[in-house]
Each structure stands twice: as structure tokens, then as C-alpha cells.
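This report refers to the structure that appears directly beneath it.
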Amino acid sequence: MTRHLGFILLSVFVSLVLALMPLPIAFEMYRPDLVLLVIMYWSLALPHRVNIGFAWMAGLIIDLALGSPLGVRSLTYAIVIYITASNYQKIRNFSVWQQAMLVALFLALYYLLVFWLNHFLLDIYFLPQYLWPVLTGALAWPWLFLLLRKYRRHFRIR
């Protein structure tokens, strides 16, 4: 039981490290939220293990690591994971490319909610470039899905 949770936590930790790894300035605006994508995968694959509370804690860790207002990503992660976890049986039946389109919608919701909360807290303004990670996240989803599914099947994570 705890071994399976350890593998899930390891994948989230690796995605956190990749999220914090510096990129050249030109590519920074295209960086998808890998932590959210990994949590979305696990909430679709194992909704009884990875749920809203897990997403809330991961969001708090991201907020602390990035130095953003505390609770912004926690709330938005929890909302997105609530939607995915409550509809996991429907989403599982879609092909990987159809799932990528849904992931793009969920990521758009996520980035717009983060913008909205930051707009009220920090008085930032919307730029269209703010939504580039939606496209890159949707393009990364099939690869991430296949990688994590292979990982889950190899280690028999249930």
C-alpha cells in the first residue's frame, strides 16, 4: 500500500523538480504546469488515491516553491482535480488525443483562474502569451500519459 503511494509521490516530486528547473527566458512562457498534469493523470488512473486533498497539498508546495501568493495554486489545483476526478470514468473512455483536448480545456480553466486570483491579489494584467502553456500542456499530455501508464503498469500501482 505505502509502496504504491511512494511511487506516486516520486512522480509528483520529479515533476516538481522539472517545474523548478530554470529554462532560458525565451522558453519560460511555454512551460506547462507538469505538476498539475501528473496529478491529473494520477487522479484519472487512481481517483481513490489521488484526490482533491492531494492536489491541495501539491498546490501549497508549488506556491511555497514559486513564491506566489499562498493558496492560489492550491485552490486552482483542487478545482481542476475535482472536475477530473468526478468525471474520471467518462474521461478514461476517450482516446489519448481526445483526452489532450480535455486537458487543454482544464489547463485553460486553471491558467484563467490563476490569472483571475493574481489579478485581484497582485494587480497584474492579462496578456495572450499567458495561455501558451495550455497548448504545450495539451501537446505534452499524450507523452506524459503513456510514460506514466507504463510506469504504473510496470510497478503494478493500484
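Ligands are numbered from 1 in the order shown, chains are lettered A, B, ... in the order of the C-alpha cells, and residues start at 1 in each chain.
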Residue neighbourhood Met21 of chain A, 12 Å, only C-alpha atoms, exclusion window fewer than 6 positions, as a PDB file with N, CA and C atoms, in the first residue's frame:
```
ATOM      1  N   VAL A  14       9.348  14.438  -8.995  1.00  0.00           N
ATOM      2  CA  VAL A  14      10.124  14.648 -10.227  1.00  0.00           C
ATOM      3  C   VAL A  14       9.511  15.772 -11.054  1.00  0.00           C
ATOM      4  N   SER A  15       8.182  15.801 -11.137  1.00  0.00           N
ATOM      5  CA  SER A  15       7.539  16.877 -11.888  1.00  0.00           C
ATOM      6  C   SER A  15       7.755  18.230 -11.205  1.00  0.00           C
ATOM      7  N   GLU A  28      10.534  30.100 -21.272  1.00  0.00           N
ATOM      8  CA  GLU A  28       9.846  30.072 -19.979  1.00  0.00           C
ATOM      9  C   GLU A  28       8.329  30.243 -20.120  1.00  0.00           C
ATOM     10  N   ARG A  31       6.312  26.913 -20.746  1.00  0.00           N
ATOM     11  CA  ARG A  31       6.422  25.809 -19.795  1.00  0.00           C
ATOM     12  C   ARG A  31       5.039  25.405 -19.274  1.00  0.00           C
ATOM     13  N   LEU A  34       3.689  20.949 -15.194  1.00  0.00           N
ATOM     14  CA  LEU A  34       3.869  19.500 -15.165  1.00  0.00           C
ATOM     15  C   LEU A  34       3.314  18.868 -13.900  1.00  0.00           C
ATOM     16  N   ALA A  65       7.206  27.029  -3.252  1.00  0.00           N
ATOM     17  CA  ALA A  65       8.422  26.925  -4.068  1.00  0.00           C
ATOM     18  C   ALA A  65       8.559  28.091  -5.049  1.00  0.00           C
ATOM     19  N   LEU A  66       7.446  28.550  -5.603  1.00  0.00           N
ATOM     20  CA  LEU A  66       7.493  29.627  -6.589  1.00  0.00           C
ATOM     21  C   LEU A  66       7.397  31.013  -5.969  1.00  0.00           C
TER      22      LEU A  66
END
```
For this session: Excluding Leu60 of chain A and residues on its chain fewer than 2 positions from it, collect all residues at most 12 Å away from it, counting only C-alpha atoms, and give them as a PyMOL selection string.
Result: chain A and resi 16+35+53-58+62-78
Please, could you write that set of residues out with N, CA and C atoms as a PDB file, in the first residue's frame?
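Writing the result to again-v3.pdb gives the following:
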```pdb
ATOM      1  N   LEU A  16       7.812  18.235  -9.883  1.00  0.00           N
ATOM      2  CA  LEU A  16       8.102  19.474  -9.153  1.00  0.00           C
ATOM      3  C   LEU A  16       9.520  19.956  -9.451  1.00  0.00           C
ATOM      4  N   VAL A  35       3.368  19.578 -12.803  1.00  0.00           N
ATOM      5  CA  VAL A  35       2.839  19.023 -11.557  1.00  0.00           C
ATOM      6  C   VAL A  35       1.340  18.791 -11.692  1.00  0.00           C
ATOM      7  N   GLY A  53      -7.604  16.587  -1.847  1.00  0.00           N
ATOM      8  CA  GLY A  53      -6.669  16.886  -0.761  1.00  0.00           C
ATOM      9  C   GLY A  53      -5.220  16.768  -1.213  1.00  0.00           C
ATOM     10  N   PHE A  54      -4.937  15.752  -2.008  1.00  0.00           N
ATOM     11  CA  PHE A  54      -3.589  15.572  -2.562  1.00  0.00           C
ATOM     12  C   PHE A  54      -3.238  16.774  -3.436  1.00  0.00           C
ATOM     13  N   ALA A  55      -4.187  17.194  -4.281  1.00  0.00           N
ATOM     14  CA  ALA A  55      -3.956  18.338  -5.163  1.00  0.00           C
ATOM     15  C   ALA A  55      -3.757  19.615  -4.366  1.00  0.00           C
ATOM     16  N   TRP A  56      -4.529  19.772  -3.286  1.00  0.00           N
ATOM     17  CA  TRP A  56      -4.400  20.955  -2.437  1.00  0.00           C
ATOM     18  C   TRP A  56      -2.993  21.032  -1.835  1.00  0.00           C
ATOM     19  N   MET A  57      -2.497  19.910  -1.327  1.00  0.00           N
ATOM     20  CA  MET A  57      -1.158  19.902  -0.734  1.00  0.00           C
ATOM     21  C   MET A  57      -0.077  20.178  -1.778  1.00  0.00           C
ATOM     22  N   ALA A  58      -0.224  19.576  -2.955  1.00  0.00           N
ATOM     23  CA  ALA A  58       0.750  19.834  -4.025  1.00  0.00           C
ATOM     24  C   ALA A  58       0.720  21.302  -4.434  1.00  0.00           C
ATOM     25  N   ILE A  62       3.786  24.012  -4.400  1.00  0.00           N
ATOM     26  CA  ILE A  62       4.136  24.835  -5.575  1.00  0.00           C
ATOM     27  C   ILE A  62       4.103  26.318  -5.208  1.00  0.00           C
ATOM     28  N   ASP A  63       3.087  26.735  -4.472  1.00  0.00           N
ATOM     29  CA  ASP A  63       3.023  28.140  -4.047  1.00  0.00           C
ATOM     30  C   ASP A  63       4.252  28.526  -3.233  1.00  0.00           C
ATOM     31  N   LEU A  64       4.645  27.663  -2.308  1.00  0.00           N
ATOM     32  CA  LEU A  64       5.827  27.954  -1.494  1.00  0.00           C
ATOM     33  C   LEU A  64       7.096  27.964  -2.334  1.00  0.00           C
ATOM     34  N   ALA A  65       7.206  27.029  -3.252  1.00  0.00           N
ATOM     35  CA  ALA A  65       8.422  26.925  -4.068  1.00  0.00           C
ATOM     36  C   ALA A  65       8.559  28.091  -5.049  1.00  0.00           C
ATOM     37  N   LEU A  66       7.446  28.550  -5.603  1.00  0.00           N
ATOM     38  CA  LEU A  66       7.493  29.627  -6.589  1.00  0.00           C
ATOM     39  C   LEU A  66       7.397  31.013  -5.969  1.00  0.00           C
ATOM     40  N   GLY A  67       7.038  31.066  -4.698  1.00  0.00           N
ATOM     41  CA  GLY A  67       6.914  32.361  -4.041  1.00  0.00           C
ATOM     42  C   GLY A  67       5.669  33.125  -4.453  1.00  0.00           C
ATOM     43  N   SER A  68       4.669  32.432  -4.923  1.00  0.00           N
ATOM     44  CA  SER A  68       3.424  33.087  -5.311  1.00  0.00           C
ATOM     45  C   SER A  68       2.513  33.208  -4.095  1.00  0.00           C
ATOM     46  N   PRO A  69       1.446  33.982  -4.202  1.00  0.00           N
ATOM     47  CA  PRO A  69       0.539  34.108  -3.042  1.00  0.00           C
ATOM     48  C   PRO A  69       0.039  32.740  -2.586  1.00  0.00           C
ATOM     49  N   LEU A  70       0.122  32.523  -1.310  1.00  0.00           N
ATOM     50  CA  LEU A  70      -0.206  31.214  -0.743  1.00  0.00           C
ATOM     51  C   LEU A  70      -1.690  30.901  -0.932  1.00  0.00           C
ATOM     52  N   GLY A  71      -1.944  29.745  -1.509  1.00  0.00           N
ATOM     53  CA  GLY A  71      -3.308  29.282  -1.689  1.00  0.00           C
ATOM     54  C   GLY A  71      -3.858  29.432  -3.083  1.00  0.00           C
ATOM     55  N   VAL A  72      -3.212  30.212  -3.946  1.00  0.00           N
ATOM     56  CA  VAL A  72      -3.737  30.421  -5.298  1.00  0.00           C
ATOM     57  C   VAL A  72      -3.706  29.123  -6.078  1.00  0.00           C
ATOM     58  N   ARG A  73      -2.554  28.496  -6.156  1.00  0.00           N
ATOM     59  CA  ARG A  73      -2.464  27.242  -6.912  1.00  0.00           C
ATOM     60  C   ARG A  73      -3.152  26.097  -6.168  1.00  0.00           C
ATOM     61  N   SER A  74      -3.186  26.169  -4.857  1.00  0.00           N
ATOM     62  CA  SER A  74      -3.908  25.138  -4.102  1.00  0.00           C
ATOM     63  C   SER A  74      -5.373  25.119  -4.500  1.00  0.00           C
ATOM     64  N   LEU A  75      -5.972  26.276  -4.525  1.00  0.00           N
ATOM     65  CA  LEU A  75      -7.381  26.371  -4.881  1.00  0.00           C
ATOM     66  C   LEU A  75      -7.612  25.935  -6.325  1.00  0.00           C
ATOM     67  N   THR A  76      -6.769  26.412  -7.239  1.00  0.00           N
ATOM     68  CA  THR A  76      -6.975  26.084  -8.650  1.00  0.00           C
ATOM     69  C   THR A  76      -6.673  24.611  -8.931  1.00  0.00           C
ATOM     70  N   TYR A  77      -5.657  24.052  -8.296  1.00  0.00           N
ATOM     71  CA  TYR A  77      -5.401  22.611  -8.439  1.00  0.00           C
ATOM     72  C   TYR A  77      -6.605  21.817  -7.944  1.00  0.00           C
ATOM     73  N   ALA A  78      -7.142  22.206  -6.789  1.00  0.00           N
ATOM     74  CA  ALA A  78      -8.272  21.485  -6.215  1.00  0.00           C
ATOM     75  C   ALA A  78      -9.493  21.549  -7.135  1.00  0.00           C
TER      76      ALA A  78
END
```
Going by DSSP on the backbone, which residues of chain A come out as helix (DSSP H, G or I)? List them as a tab-separated table (two decimals) with N, CA and C atoms, in the first residue's frame.
```tsv
chain	number	residue	atom	x	y	z
A	2	THR	N	1.73	1.40	0.98
A	2	THR	CA	2.54	2.61	1.06
A	2	THR	C	3.57	2.67	-0.06
A	3	ARG	N	3.96	1.48	-0.58
A	3	ARG	CA	4.91	1.46	-1.69
A	3	ARG	C	4.29	2.13	-2.91
A	4	HIS	N	3.00	1.87	-3.14
A	4	HIS	CA	2.33	2.48	-4.28
A	4	HIS	C	2.24	3.99	-4.13
A	5	LEU	N	1.92	4.45	-2.93
A	5	LEU	CA	1.87	5.88	-2.68
A	5	LEU	C	3.25	6.51	-2.84
A	6	GLY	N	4.29	5.76	-2.48
A	6	GLY	CA	5.66	6.26	-2.66
A	6	GLY	C	6.00	6.49	-4.12
A	7	PHE	N	5.56	5.60	-5.00
A	7	PHE	CA	5.80	5.80	-6.44
A	7	PHE	C	5.04	7.00	-6.97
A	8	ILE	N	3.83	7.20	-6.49
A	8	ILE	CA	3.04	8.36	-6.92
A	8	ILE	C	3.72	9.64	-6.45
A	9	LEU	N	4.15	9.66	-5.19
A	9	LEU	CA	4.84	10.83	-4.65
A	9	LEU	C	6.15	11.09	-5.38
A	10	LEU	N	6.84	10.02	-5.77
A	10	LEU	CA	8.09	10.19	-6.52
A	10	LEU	C	7.83	10.86	-7.86
A	11	SER	N	6.78	10.46	-8.56
A	11	SER	CA	6.48	11.07	-9.86
A	11	SER	C	6.08	12.53	-9.70
A	12	VAL	N	5.35	12.85	-8.64
A	12	VAL	CA	4.99	14.25	-8.38
A	12	VAL	C	6.23	15.04	-8.01
A	13	PHE	N	7.14	14.45	-7.23
A	13	PHE	CA	8.38	15.13	-6.86
A	13	PHE	C	9.24	15.41	-8.09
A	14	VAL	N	9.35	14.44	-8.99
A	14	VAL	CA	10.12	14.65	-10.23
A	14	VAL	C	9.51	15.77	-11.05
A	15	SER	N	8.18	15.80	-11.14
A	15	SER	CA	7.54	16.88	-11.89
A	15	SER	C	7.76	18.23	-11.21
A	16	LEU	N	7.81	18.23	-9.88
A	16	LEU	CA	8.10	19.47	-9.15
A	16	LEU	C	9.52	19.96	-9.45
A	17	VAL	N	10.46	19.04	-9.46
A	17	VAL	CA	11.85	19.41	-9.78
A	17	VAL	C	11.93	19.96	-11.20
A	18	LEU	N	11.24	19.32	-12.15
A	18	LEU	CA	11.22	19.82	-13.53
A	18	LEU	C	10.54	21.18	-13.63
A	19	ALA	N	9.53	21.40	-12.79
A	19	ALA	CA	8.84	22.69	-12.80
A	19	ALA	C	9.72	23.81	-12.26
A	20	LEU	N	10.62	23.47	-11.35
A	20	LEU	CA	11.50	24.47	-10.75
A	20	LEU	C	12.82	24.64	-11.49
A	25	ILE	N	14.98	32.20	-20.91
A	25	ILE	CA	13.87	33.16	-20.83
A	25	ILE	C	12.92	33.00	-22.03
A	26	ALA	N	13.46	32.71	-23.20
A	26	ALA	CA	12.62	32.59	-24.39
A	26	ALA	C	11.64	31.43	-24.31
A	27	PHE	N	11.98	30.39	-23.55
A	27	PHE	CA	11.12	29.21	-23.44
A	27	PHE	C	10.27	29.19	-22.17
A	28	GLU	N	10.53	30.10	-21.27
A	28	GLU	CA	9.85	30.07	-19.98
A	28	GLU	C	8.33	30.24	-20.12
A	34	LEU	N	3.69	20.95	-15.19
A	34	LEU	CA	3.87	19.50	-15.16
A	34	LEU	C	3.31	18.87	-13.90
A	35	VAL	N	3.37	19.58	-12.80
A	35	VAL	CA	2.84	19.02	-11.56
A	35	VAL	C	1.34	18.79	-11.69
A	36	LEU	N	0.64	19.75	-12.25
A	36	LEU	CA	-0.80	19.59	-12.45
A	36	LEU	C	-1.09	18.46	-13.43
A	37	LEU	N	-0.30	18.36	-14.49
A	37	LEU	CA	-0.51	17.27	-15.46
A	37	LEU	C	-0.31	15.91	-14.82
A	38	VAL	N	0.72	15.78	-14.00
A	38	VAL	CA	0.98	14.50	-13.33
A	38	VAL	C	-0.14	14.18	-12.34
A	39	ILE	N	-0.59	15.17	-11.59
A	39	ILE	CA	-1.68	14.93	-10.65
A	39	ILE	C	-2.97	14.60	-11.41
A	40	MET	N	-3.18	15.23	-12.55
A	40	MET	CA	-4.36	14.91	-13.36
A	40	MET	C	-4.30	13.46	-13.83
A	41	TYR	N	-3.12	13.00	-14.25
A	41	TYR	CA	-3.00	11.61	-14.67
A	41	TYR	C	-3.36	10.67	-13.52
A	42	TRP	N	-2.75	10.91	-12.35
A	42	TRP	CA	-2.99	10.02	-11.23
A	42	TRP	C	-4.44	10.09	-10.74
A	43	SER	N	-5.07	11.26	-10.86
A	43	SER	CA	-6.47	11.34	-10.45
A	43	SER	C	-7.38	10.62	-11.43
A	44	LEU	N	-6.96	10.50	-12.68
A	44	LEU	CA	-7.73	9.71	-13.64
A	44	LEU	C	-7.46	8.22	-13.47
A	45	ALA	N	-6.21	7.87	-13.21
A	45	ALA	CA	-5.85	6.46	-13.10
A	45	ALA	C	-6.26	5.87	-11.74
A	52	ILE	N	-8.68	15.49	-4.22
A	52	ILE	CA	-8.63	16.94	-4.03
A	52	ILE	C	-7.64	17.33	-2.93
A	53	GLY	N	-7.60	16.59	-1.85
A	53	GLY	CA	-6.67	16.89	-0.76
A	53	GLY	C	-5.22	16.77	-1.21
A	54	PHE	N	-4.94	15.75	-2.01
A	54	PHE	CA	-3.59	15.57	-2.56
A	54	PHE	C	-3.24	16.77	-3.44
A	55	ALA	N	-4.19	17.19	-4.28
A	55	ALA	CA	-3.96	18.34	-5.16
A	55	ALA	C	-3.76	19.61	-4.37
A	56	TRP	N	-4.53	19.77	-3.29
A	56	TRP	CA	-4.40	20.95	-2.44
A	56	TRP	C	-2.99	21.03	-1.84
A	57	MET	N	-2.50	19.91	-1.33
A	57	MET	CA	-1.16	19.90	-0.73
A	57	MET	C	-0.08	20.18	-1.78
A	58	ALA	N	-0.22	19.58	-2.95
A	58	ALA	CA	0.75	19.83	-4.03
A	58	ALA	C	0.72	21.30	-4.43
A	59	GLY	N	-0.46	21.89	-4.47
A	59	GLY	CA	-0.57	23.31	-4.80
A	59	GLY	C	0.10	24.19	-3.76
A	60	LEU	N	-0.03	23.83	-2.48
A	60	LEU	CA	0.65	24.59	-1.44
A	60	LEU	C	2.16	24.51	-1.60
A	61	ILE	N	2.66	23.33	-1.93
A	61	ILE	CA	4.10	23.17	-2.14
A	61	ILE	C	4.57	24.01	-3.32
A	62	ILE	N	3.79	24.01	-4.40
A	62	ILE	CA	4.14	24.83	-5.57
A	62	ILE	C	4.10	26.32	-5.21
A	63	ASP	N	3.09	26.74	-4.47
A	63	ASP	CA	3.02	28.14	-4.05
A	63	ASP	C	4.25	28.53	-3.23
A	64	LEU	N	4.64	27.66	-2.31
A	64	LEU	CA	5.83	27.95	-1.49
A	64	LEU	C	7.10	27.96	-2.33
A	65	ALA	N	7.21	27.03	-3.25
A	65	ALA	CA	8.42	26.93	-4.07
A	65	ALA	C	8.56	28.09	-5.05
A	66	LEU	N	7.45	28.55	-5.60
A	66	LEU	CA	7.49	29.63	-6.59
A	66	LEU	C	7.40	31.01	-5.97
A	72	VAL	N	-3.21	30.21	-3.95
A	72	VAL	CA	-3.74	30.42	-5.30
A	72	VAL	C	-3.71	29.12	-6.08
A	73	ARG	N	-2.55	28.50	-6.16
A	73	ARG	CA	-2.46	27.24	-6.91
A	73	ARG	C	-3.15	26.10	-6.17
A	74	SER	N	-3.19	26.17	-4.86
A	74	SER	CA	-3.91	25.14	-4.10
A	74	SER	C	-5.37	25.12	-4.50
A	75	LEU	N	-5.97	26.28	-4.53
A	75	LEU	CA	-7.38	26.37	-4.88
A	75	LEU	C	-7.61	25.93	-6.33
A	76	THR	N	-6.77	26.41	-7.24
A	76	THR	CA	-6.97	26.08	-8.65
A	76	THR	C	-6.67	24.61	-8.93
A	77	TYR	N	-5.66	24.05	-8.30
A	77	TYR	CA	-5.40	22.61	-8.44
A	77	TYR	C	-6.61	21.82	-7.94
A	78	ALA	N	-7.14	22.21	-6.79
A	78	ALA	CA	-8.27	21.49	-6.21
A	78	ALA	C	-9.49	21.55	-7.14
A	79	ILE	N	-9.74	22.69	-7.75
A	79	ILE	CA	-10.88	22.82	-8.66
A	79	ILE	C	-10.70	21.93	-9.88
A	80	VAL	N	-9.52	21.97	-10.49
A	80	VAL	CA	-9.28	21.16	-11.69
A	80	VAL	C	-9.32	19.68	-11.36
A	81	ILE	N	-8.74	19.28	-10.26
A	81	ILE	CA	-8.74	17.86	-9.89
A	81	ILE	C	-10.14	17.41	-9.48
A	82	TYR	N	-10.92	18.29	-8.90
A	82	TYR	CA	-12.31	17.94	-8.61
A	82	TYR	C	-13.06	17.60	-9.90
A	83	ILE	N	-12.86	18.41	-10.92
A	83	ILE	CA	-13.54	18.16	-12.20
A	83	ILE	C	-13.05	16.86	-12.83
A	84	THR	N	-11.74	16.64	-12.84
A	84	THR	CA	-11.22	15.42	-13.46
A	84	THR	C	-11.59	14.17	-12.66
A	85	ALA	N	-11.46	14.25	-11.35
A	85	ALA	CA	-11.74	13.06	-10.53
A	85	ALA	C	-13.23	12.71	-10.52
A	86	SER	N	-14.08	13.72	-10.60
A	86	SER	CA	-15.51	13.43	-10.59
A	86	SER	C	-16.00	12.89	-11.94
A	88	TYR	N	-13.85	10.91	-13.98
A	88	TYR	CA	-12.77	10.04	-14.44
A	88	TYR	C	-13.27	8.88	-15.29
A	89	GLN	N	-14.45	8.36	-15.01
A	89	GLN	CA	-14.95	7.22	-15.79
A	89	GLN	C	-15.26	7.63	-17.23
A	90	LYS	N	-15.75	8.83	-17.42
A	90	LYS	CA	-16.02	9.32	-18.77
A	90	LYS	C	-14.72	9.62	-19.51
A	91	ILE	N	-13.80	10.30	-18.81
A	91	ILE	CA	-12.56	10.73	-19.44
A	91	ILE	C	-11.69	9.55	-19.83
A	92	ARG	N	-11.70	8.49	-19.04
A	92	ARG	CA	-10.91	7.29	-19.34
A	92	ARG	C	-11.31	6.65	-20.66
A	96	VAL	N	-6.42	9.07	-26.30
A	96	VAL	CA	-5.41	9.95	-25.70
A	96	VAL	C	-5.49	11.34	-26.30
A	97	TRP	N	-5.79	11.44	-27.59
A	97	TRP	CA	-5.87	12.75	-28.24
A	97	TRP	C	-7.11	13.51	-27.81
A	98	GLN	N	-8.21	12.80	-27.59
A	98	GLN	CA	-9.40	13.45	-27.05
A	98	GLN	C	-9.16	13.90	-25.61
A	99	GLN	N	-8.44	13.08	-24.87
A	99	GLN	CA	-8.08	13.49	-23.51
A	99	GLN	C	-7.20	14.73	-23.54
A	100	ALA	N	-6.31	14.83	-24.53
A	100	ALA	CA	-5.45	16.01	-24.66
A	100	ALA	C	-6.28	17.26	-24.88
A	101	MET	N	-7.36	17.14	-25.64
A	101	MET	CA	-8.24	18.30	-25.84
A	101	MET	C	-8.94	18.69	-24.54
A	102	LEU	N	-9.38	17.70	-23.77
A	102	LEU	CA	-9.97	17.99	-22.46
A	102	LEU	C	-8.94	18.58	-21.51
A	103	VAL	N	-7.74	18.05	-21.56
A	103	VAL	CA	-6.66	18.59	-20.72
A	103	VAL	C	-6.42	20.05	-21.08
A	104	ALA	N	-6.48	20.37	-22.37
A	104	ALA	CA	-6.31	21.77	-22.78
A	104	ALA	C	-7.40	22.65	-22.17
A	105	LEU	N	-8.63	22.15	-22.15
A	105	LEU	CA	-9.72	22.91	-21.51
A	105	LEU	C	-9.47	23.08	-20.01
A	106	PHE	N	-9.04	22.00	-19.36
A	106	PHE	CA	-8.77	22.08	-17.93
A	106	PHE	C	-7.60	23.02	-17.64
A	107	LEU	N	-6.58	22.97	-18.49
A	107	LEU	CA	-5.45	23.88	-18.30
A	107	LEU	C	-5.85	25.33	-18.55
A	108	ALA	N	-6.71	25.55	-19.54
A	108	ALA	CA	-7.20	26.92	-19.78
A	108	ALA	C	-7.96	27.43	-18.56
A	109	LEU	N	-8.80	26.58	-17.99
A	109	LEU	CA	-9.51	26.94	-16.77
A	109	LEU	C	-8.52	27.25	-15.65
A	110	TYR	N	-7.52	26.40	-15.50
A	110	TYR	CA	-6.51	26.58	-14.46
A	110	TYR	C	-5.78	27.92	-14.62
A	111	TYR	N	-5.27	28.19	-15.82
A	111	TYR	CA	-4.49	29.42	-16.02
A	111	TYR	C	-5.37	30.66	-15.90
A	112	LEU	N	-6.61	30.57	-16.34
A	112	LEU	CA	-7.50	31.73	-16.20
A	112	LEU	C	-7.87	31.97	-14.74
A	113	LEU	N	-8.08	30.89	-13.97
A	113	LEU	CA	-8.34	31.06	-12.54
A	113	LEU	C	-7.13	31.62	-11.80
A	114	VAL	N	-5.93	31.13	-12.15
A	114	VAL	CA	-4.71	31.66	-11.53
A	114	VAL	C	-4.55	33.13	-11.88
A	115	PHE	N	-4.81	33.48	-13.15
A	115	PHE	CA	-4.71	34.90	-13.54
A	115	PHE	C	-5.72	35.74	-12.76
A	116	TRP	N	-6.96	35.23	-12.70
A	116	TRP	CA	-8.01	35.99	-12.03
A	116	TRP	C	-7.66	36.25	-10.57
A	117	LEU	N	-7.21	35.21	-9.87
A	117	LEU	CA	-6.84	35.38	-8.46
A	117	LEU	C	-5.63	36.30	-8.30
A	118	ASN	N	-4.64	36.15	-9.17
A	118	ASN	CA	-3.47	37.03	-9.10
A	118	ASN	C	-3.82	38.46	-9.47
A	119	HIS	N	-4.79	38.63	-10.36
A	119	HIS	CA	-5.23	39.99	-10.74
A	119	HIS	C	-5.80	40.71	-9.52
A	120	PHE	N	-6.58	40.00	-8.71
A	120	PHE	CA	-7.13	40.64	-7.52
A	120	PHE	C	-6.10	40.82	-6.42
A	121	LEU	N	-5.16	39.89	-6.32
A	121	LEU	CA	-4.18	39.96	-5.24
A	121	LEU	C	-2.97	40.84	-5.57
A	122	LEU	N	-2.51	40.77	-6.83
A	122	LEU	CA	-1.26	41.44	-7.20
A	122	LEU	C	-1.44	42.52	-8.24
A	128	PRO	N	-2.08	37.74	-23.88
A	128	PRO	CA	-2.41	36.49	-24.60
A	128	PRO	C	-1.31	35.42	-24.46
A	129	GLN	N	-0.07	35.84	-24.27
A	129	GLN	CA	1.03	34.89	-24.11
A	129	GLN	C	0.87	34.06	-22.85
A	130	TYR	N	0.03	34.49	-21.95
A	130	TYR	CA	-0.21	33.80	-20.69
A	130	TYR	C	-0.81	32.41	-20.92
A	131	LEU	N	-1.43	32.20	-22.08
A	131	LEU	CA	-2.10	30.93	-22.37
A	131	LEU	C	-1.27	29.97	-23.23
A	132	TRP	N	-0.02	30.29	-23.53
A	132	TRP	CA	0.82	29.36	-24.28
A	132	TRP	C	0.99	28.02	-23.58
A	133	PRO	N	1.10	27.97	-22.26
A	133	PRO	CA	1.24	26.67	-21.59
A	133	PRO	C	0.04	25.75	-21.79
A	134	VAL	N	-1.11	26.29	-22.14
A	134	VAL	CA	-2.27	25.45	-22.43
A	134	VAL	C	-1.96	24.58	-23.65
A	135	LEU	N	-1.41	25.19	-24.68
A	135	LEU	CA	-1.06	24.44	-25.90
A	135	LEU	C	0.07	23.45	-25.63
A	136	THR	N	1.10	23.88	-24.96
A	136	THR	CA	2.22	22.96	-24.70
A	136	THR	C	1.82	21.85	-23.75
A	137	GLY	N	0.95	22.15	-22.80
A	137	GLY	CA	0.46	21.12	-21.89
A	137	GLY	C	-0.37	20.08	-22.62
A	138	ALA	N	-1.21	20.54	-23.55
A	138	ALA	CA	-2.02	19.60	-24.34
A	138	ALA	C	-1.13	18.74	-25.24
A	139	LEU	N	-0.07	19.32	-25.76
A	139	LEU	CA	0.87	18.54	-26.58
A	139	LEU	C	1.70	17.58	-25.73
A	140	ALA	N	1.97	17.94	-24.50
A	140	ALA	CA	2.75	17.07	-23.62
A	140	ALA	C	1.91	15.94	-23.03
A	141	TRP	N	0.58	16.10	-22.98
A	141	TRP	CA	-0.28	15.12	-22.33
A	141	TRP	C	-0.13	13.71	-22.89
A	142	PRO	N	-0.17	13.49	-24.22
A	142	PRO	CA	-0.05	12.10	-24.71
A	142	PRO	C	1.25	11.44	-24.28
A	143	TRP	N	2.34	12.18	-24.30
A	143	TRP	CA	3.63	11.61	-23.92
A	143	TRP	C	3.68	11.32	-22.43
A	144	LEU	N	3.19	12.25	-21.65
A	144	LEU	CA	3.16	12.07	-20.20
A	144	LEU	C	2.22	10.93	-19.82
A	145	PHE	N	1.06	10.85	-20.47
A	145	PHE	CA	0.10	9.79	-20.21
A	145	PHE	C	0.72	8.43	-20.48
A	146	LEU	N	1.37	8.29	-21.64
A	146	LEU	CA	1.96	6.99	-21.99
A	146	LEU	C	3.11	6.63	-21.06
A	147	LEU	N	3.92	7.61	-20.69
A	147	LEU	CA	5.03	7.35	-19.78
A	147	LEU	C	4.53	6.92	-18.40
A	148	LEU	N	3.59	7.64	-17.85
A	148	LEU	CA	3.09	7.31	-16.51
A	148	LEU	C	2.27	6.03	-16.51
A	149	ARG	N	1.57	5.74	-17.61
A	149	ARG	CA	0.83	4.48	-17.67
A	149	ARG	C	1.78	3.30	-17.70
A	150	LYS	N	2.88	3.43	-18.46
A	150	LYS	CA	3.88	2.37	-18.49
A	150	LYS	C	4.50	2.19	-17.10
A	151	TYR	N	4.80	3.27	-16.45
A	151	TYR	CA	5.35	3.28	-15.08
A	151	TYR	C	4.36	2.60	-14.13
A	152	ARG	N	3.09	2.95	-14.21
A	152	ARG	CA	2.06	2.38	-13.33
A	152	ARG	C	1.89	0.89	-13.57
A	153	ARG	N	1.90	0.48	-14.81
A	153	ARG	CA	1.73	-0.95	-15.12
A	153	ARG	C	2.97	-1.76	-14.73
A	154	HIS	N	4.14	-1.19	-14.95
A	154	HIS	CA	5.38	-1.91	-14.63
A	154	HIS	C	5.49	-2.18	-13.13
```
